[in-house]
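Everything on this sheet refers to the single structure shown next.
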Amino acid sequence: MIITRFAPSPTGYLHIGGLRTALYSYLIAKQSNGKFLLRIEDTDRERFVADGVLNILKSLYWAGIIPDEGVKLDCESIVGECAATQEGESGPYVQSERLEIYQKYADELIEKGFAYYCFCAQERLEELRKKQQENKQATGYDGHCREVDIKEAKKKIANGEKYAVRMKMPKNGVTIFQDLIRGEVSFKNELVDDQVILKSDGFPTYHLAVVVDDHLMGITHIIRGEEWLSSVPKHIQLYKYLGWEPPKFAHLPLLLNSDKSKLSKRQGDVSVSDYIKKGYLPEALINFVAFLGWNPGGEKEIFSLDELAKEFSLEKVGKAGAVFNLQKLDWYNQQYIRRLAPREFVARALPFLADGKLLTEPKIENEEHEKRLEKILGLERERITTLSELPEMIRFAFELPDYESELLVWKKSSAEEAKNALSEVKEYLNKFSVQEWTKNNLEQKTGEWIKEKGYGNGVVLWPLRVSLSGQKDSPGPFEIMDALEKEESIIRLETAIAKF
RNA sequence: GGCCCCAUCGUCUAAUGGUUAGGACGCAUGGUUCUCAACCAUGCAAUACGGGUUCGAUUCCCGUUGGGGCUACCA
């Protein structure tokens, strides 16, 4: 059985690259009926962000990536608020709650001679690094404490000296492993640092924690970003020292800024919550991000989460970094907005309408209200790329904006003509019953009427549309009339006529 | 500096030891049209470079160049 995990650090909000890593891990687990687990790696207290865990969870759940085990989101227990909970046999799933476990394995490694106490002060290490850089040497720990006698070291500790624990990398040999994406990769052991595995504050570093937890939690496939590739030999060595079988590794290509550097905050929005706020649909973001570095081979572009789970394979993940291209995301979002059922579109738009003060609350009052919103919002559905654009685009339907009378005149027409056409068409439209007031009927009948009258389309339709929308660019007049219904439409026409 | 990874249109990518190197986004032009959007049609645009191997290489090998990652008691 395939067991994967996503193991973010709460040093910030969920990153778009993290979303893709989580997605791929989730997909691999789902397609094999395996398990996807979420673990929180909060061993860095200095960069810890208080609401990081909750943000990561909410973003993941928003995207539909729900963990089977580990840290989960619980929105039931506390009314109106969500909280993180843990579920599963291999917990706790938050590393700061597992300190004794890491301590135990660090002790074991020391006892076996695979790790050692290090008393080097921060200043010594900094100076060492500085010298190495000046001499253009490879930077790294010089092994100063590697051969300190264990009894002497324990004496120092008993005396209250601060210490860290470093792993002992072999001085010879090569570590070779098969990466599921990159194939065979090898590193010379002598070039790998004696990495600190337990910090002087008693917290483990990533390297110890990740190895211990992945093993204890039964992870079979580690899927993570390429930035971890060069630390794999350390991890493999720890597996060997601990007598464990290493899992399979897959290192994903990085997500890039348009200048091809690692995707960063400096050059745009990188947190999933930024995209949620802007009104991107989870379906769109997932589809887009799935296709960054992976492609199933056909010409189909639109894939649901379920379809992705069927099609996805690590073999088809590319090796080169992928530039995060906002225009393509926008396209995906438009596609998905159009595919939404009208009801669903309204439901998703609600919070944005409330933000834009078009509704006092993000709620539907009753069925009639819902029907009305469906029609009105439908006016702009094909014109927006994100939901956050909707309130400004559709405001005219809630409240007729003020506009100049000149706007009512079509470019190839005159004020005189516009006024007459408007008055006549108003009279004509007023004869329609409420039952007859439908888009298709209005469009067809009015079209015929315009022909009979011998007017050009623009002469009538431009002023008609402007009097309904109050703006230069807008949906077509018949759609608006249909959405606004007869009474409101006629009022707007009268308002327009009065402007001349 | 050292180590590692990577290299097809501007971007995401497909393909094969032999193809007119395909698709999507974007862009441009035209069509449709009362405006905007949408839609339709067409177009522009790529195998980084140099050596091999081969009848033939974009594909396999080597090198160069370029890009990226890592090089912390951060993850």
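By convention in this document, the chains of the structure tokens carry letters A, B, ... by their order, each chain's residues are numbered from 1, and ligands are numbered from 1 in the order they are shown.
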
Contact table chain B vs chain A, cut-off 10 Å, shortest pair per residue, only C-alpha atoms (C1' of nucleotides), as CSV:
```
residue,atom,partner,partner_atom,distance
B:G1,C1',A:Lys136,CA,4.8
B:G2,C1',A:Ala138,CA,4.9
B:C3,C1',A:Leu191,CA,7.3
B:C4,C1',A:Ser230,CA,6.1
B:C5,C1',A:Glu226,CA,8.1
B:C6,C1',A:Ala320,CA,5.3
B:A7,C1',A:Ala320,CA,7.5
B:U11,C1',A:Asn325,CA,6.3
B:C12,C1',A:Leu292,CA,6.5
B:U13,C1',A:Asn295,CA,7.0
B:A14,C1',A:Gly297,CA,6.0
B:A15,C1',A:Gly297,CA,9.4
B:G22,C1',A:Glu299,CA,9.3
B:G23,C1',A:Glu299,CA,5.7
B:A24,C1',A:Glu301,CA,7.2
B:C25,C1',A:Lys328,CA,4.9
B:G26,C1',A:Gln327,CA,7.2
B:U33,C1',A:Gly458,CA,9.8
B:C34,C1',A:Gly458,CA,4.1
B:U35,C1',A:Asp473,CA,4.9
B:C36,C1',A:Asp473,CA,4.6
B:A37,C1',A:Arg383,CA,4.9
B:A38,C1',A:Glu382,CA,6.6
B:G67,C1',A:Lys260,CA,7.4
B:G68,C1',A:Ser261,CA,6.8
B:G69,C1',A:Glu227,CA,5.3
B:C70,C1',A:Ser230,CA,5.9
B:U71,C1',A:Thr139,CA,6.7
B:A72,C1',A:Val196,CA,9.3
B:C73,C1',A:Lys199,CA,4.5
B:C74,C1',A:Asp44,CA,6.8
B:A75,C1',A:Ser9,CA,6.5
```

Writer output for current selection, C-alpha atoms (C1' of nucleotides), as a PDB file, in the first residue's frame:
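Generated output (result.pdb):
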```pdb
ATOM      1  C1'   G B   1      34.063  28.608  -4.810  1.00  0.00           C
ATOM      2  C1'   G B   2      32.216  23.218  -4.051  1.00  0.00           C
ATOM      3  C1'   C B   3      28.365  19.554  -4.877  1.00  0.00           C
ATOM      4  C1'   C B   4      23.871  18.254  -7.326  1.00  0.00           C
ATOM      5  C1'   C B   5      19.896  18.933 -10.877  1.00  0.00           C
ATOM      6  C1'   C B   6      18.103  20.756 -15.495  1.00  0.00           C
ATOM      7  C1'   A B   7      17.702  22.580 -20.980  1.00  0.00           C
ATOM      8  C1'   U B  11       5.019  30.558 -21.030  1.00  0.00           C
ATOM      9  C1'   C B  12       2.995  25.324 -19.778  1.00  0.00           C
ATOM     10  C1'   U B  13       4.058  21.169 -22.599  1.00  0.00           C
ATOM     11  C1'   A B  14       3.544  16.631 -26.612  1.00  0.00           C
ATOM     12  C1'   A B  15       6.379  13.526 -29.897  1.00  0.00           C
ATOM     13  C1'   G B  22       1.675  18.672 -32.280  1.00  0.00           C
ATOM     14  C1'   G B  23      -1.595  21.074 -28.473  1.00  0.00           C
ATOM     15  C1'   A B  24      -2.818  24.911 -24.777  1.00  0.00           C
ATOM     16  C1'   C B  25      -2.102  30.040 -22.785  1.00  0.00           C
ATOM     17  C1'   G B  26      -0.722  34.639 -24.589  1.00  0.00           C
ATOM     18  C1'   U B  33     -21.522  42.382 -33.443  1.00  0.00           C
ATOM     19  C1'   C B  34     -25.162  48.185 -30.569  1.00  0.00           C
ATOM     20  C1'   U B  35     -20.439  48.087 -26.644  1.00  0.00           C
ATOM     21  C1'   C B  36     -17.477  44.733 -23.855  1.00  0.00           C
ATOM     22  C1'   A B  37     -16.767  39.744 -23.318  1.00  0.00           C
ATOM     23  C1'   A B  38     -17.476  35.181 -25.589  1.00  0.00           C
ATOM     24  C1'   G B  67      19.665  28.437 -15.780  1.00  0.00           C
ATOM     25  C1'   G B  68      18.335  26.570 -11.051  1.00  0.00           C
ATOM     26  C1'   G B  69      18.871  24.231  -6.171  1.00  0.00           C
ATOM     27  C1'   C B  70      21.844  23.182  -1.958  1.00  0.00           C
ATOM     28  C1'   U B  71      26.129  24.566   0.663  1.00  0.00           C
ATOM     29  C1'   A B  72      22.665  26.956   8.850  1.00  0.00           C
ATOM     30  C1'   C B  73      22.001  24.479  15.780  1.00  0.00           C
ATOM     31  C1'   C B  74      15.890  27.209   8.578  1.00  0.00           C
ATOM     32  C1'   A B  75      12.681  24.117   6.496  1.00  0.00           C
TER      33        A B  75
END
```

Requested in this report: Could you give me, as a ChimeraX atom specification, each residue of segment 169-385 of chain A that DSSP assigns to helix (DSSP H, G or I) when run on this structure's backbone?
Outcome: /A:189-191,206-216,226-242,265-267,272-278,282-290,305-311,314-316,326-339,342-355,367-378,381-383

Query - Long-range neighbours of Lys419 of chain A as JSON, numbers by chain, 10 Å cut-off, only C-alpha atoms (C1' of nucleotides), 6 positions minimum in chain - result: {"A": [405, 408, 409, 425, 459, 460, 463, 496, 497, 498, 499, 500]}

Kindly save the residues from that selection, with N, CA and C atoms included, as a CSV table (one decimal), in the first residue's frame.
```
chain,number,residue,atom,x,y,z
A,405,SER,N,-25.9,62.1,-20.4
A,405,SER,CA,-26.8,61.8,-21.5
A,405,SER,C,-26.1,61.5,-22.8
A,408,LEU,N,-25.7,58.1,-24.1
A,408,LEU,CA,-26.9,57.4,-24.7
A,408,LEU,C,-26.9,57.4,-26.3
A,409,VAL,N,-26.0,58.2,-26.8
A,409,VAL,CA,-26.0,58.4,-28.3
A,409,VAL,C,-24.9,57.5,-28.9
A,425,VAL,N,-39.1,52.8,-28.5
A,425,VAL,CA,-38.9,51.4,-28.1
A,425,VAL,C,-39.4,51.2,-26.7
A,459,VAL,N,-28.8,52.2,-33.7
A,459,VAL,CA,-29.5,53.4,-33.4
A,459,VAL,C,-30.5,53.1,-32.2
A,460,VAL,N,-31.0,51.9,-32.2
A,460,VAL,CA,-31.9,51.6,-31.1
A,460,VAL,C,-31.2,50.8,-29.9
A,463,PRO,N,-28.6,53.0,-27.4
A,463,PRO,CA,-29.3,53.7,-26.3
A,463,PRO,C,-30.1,52.8,-25.3
A,496,ALA,N,-33.7,57.4,-18.6
A,496,ALA,CA,-32.9,57.8,-19.7
A,496,ALA,C,-33.5,58.9,-20.6
A,497,ILE,N,-34.8,58.7,-20.9
A,497,ILE,CA,-35.5,59.6,-21.7
A,497,ILE,C,-35.5,61.0,-21.1
A,498,ALA,N,-35.7,61.0,-19.8
A,498,ALA,CA,-35.8,62.3,-19.1
A,498,ALA,C,-34.4,63.0,-19.1
A,499,LYS,N,-33.4,62.4,-19.5
A,499,LYS,CA,-32.1,63.0,-19.5
A,499,LYS,C,-31.9,64.0,-20.7
A,500,PHE,N,-32.7,63.8,-21.7
A,500,PHE,CA,-32.5,64.6,-22.9
A,500,PHE,C,-33.2,66.0,-22.7
```

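Atom CA of Asn55 of chain A is found 13.4 Å from atom CA of Val270 of chain A.
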
Requested in this report: Step one, run DSSP on the backbone; step two, keep only residues of segment 142-307 of chain A assigned to strand (DSSP E or B); then write them as a ChimeraX atom specification.
Outcome: /A:164-167,174-179,183-188,196-198,204,221-225,248-252,255-256,262,271,294
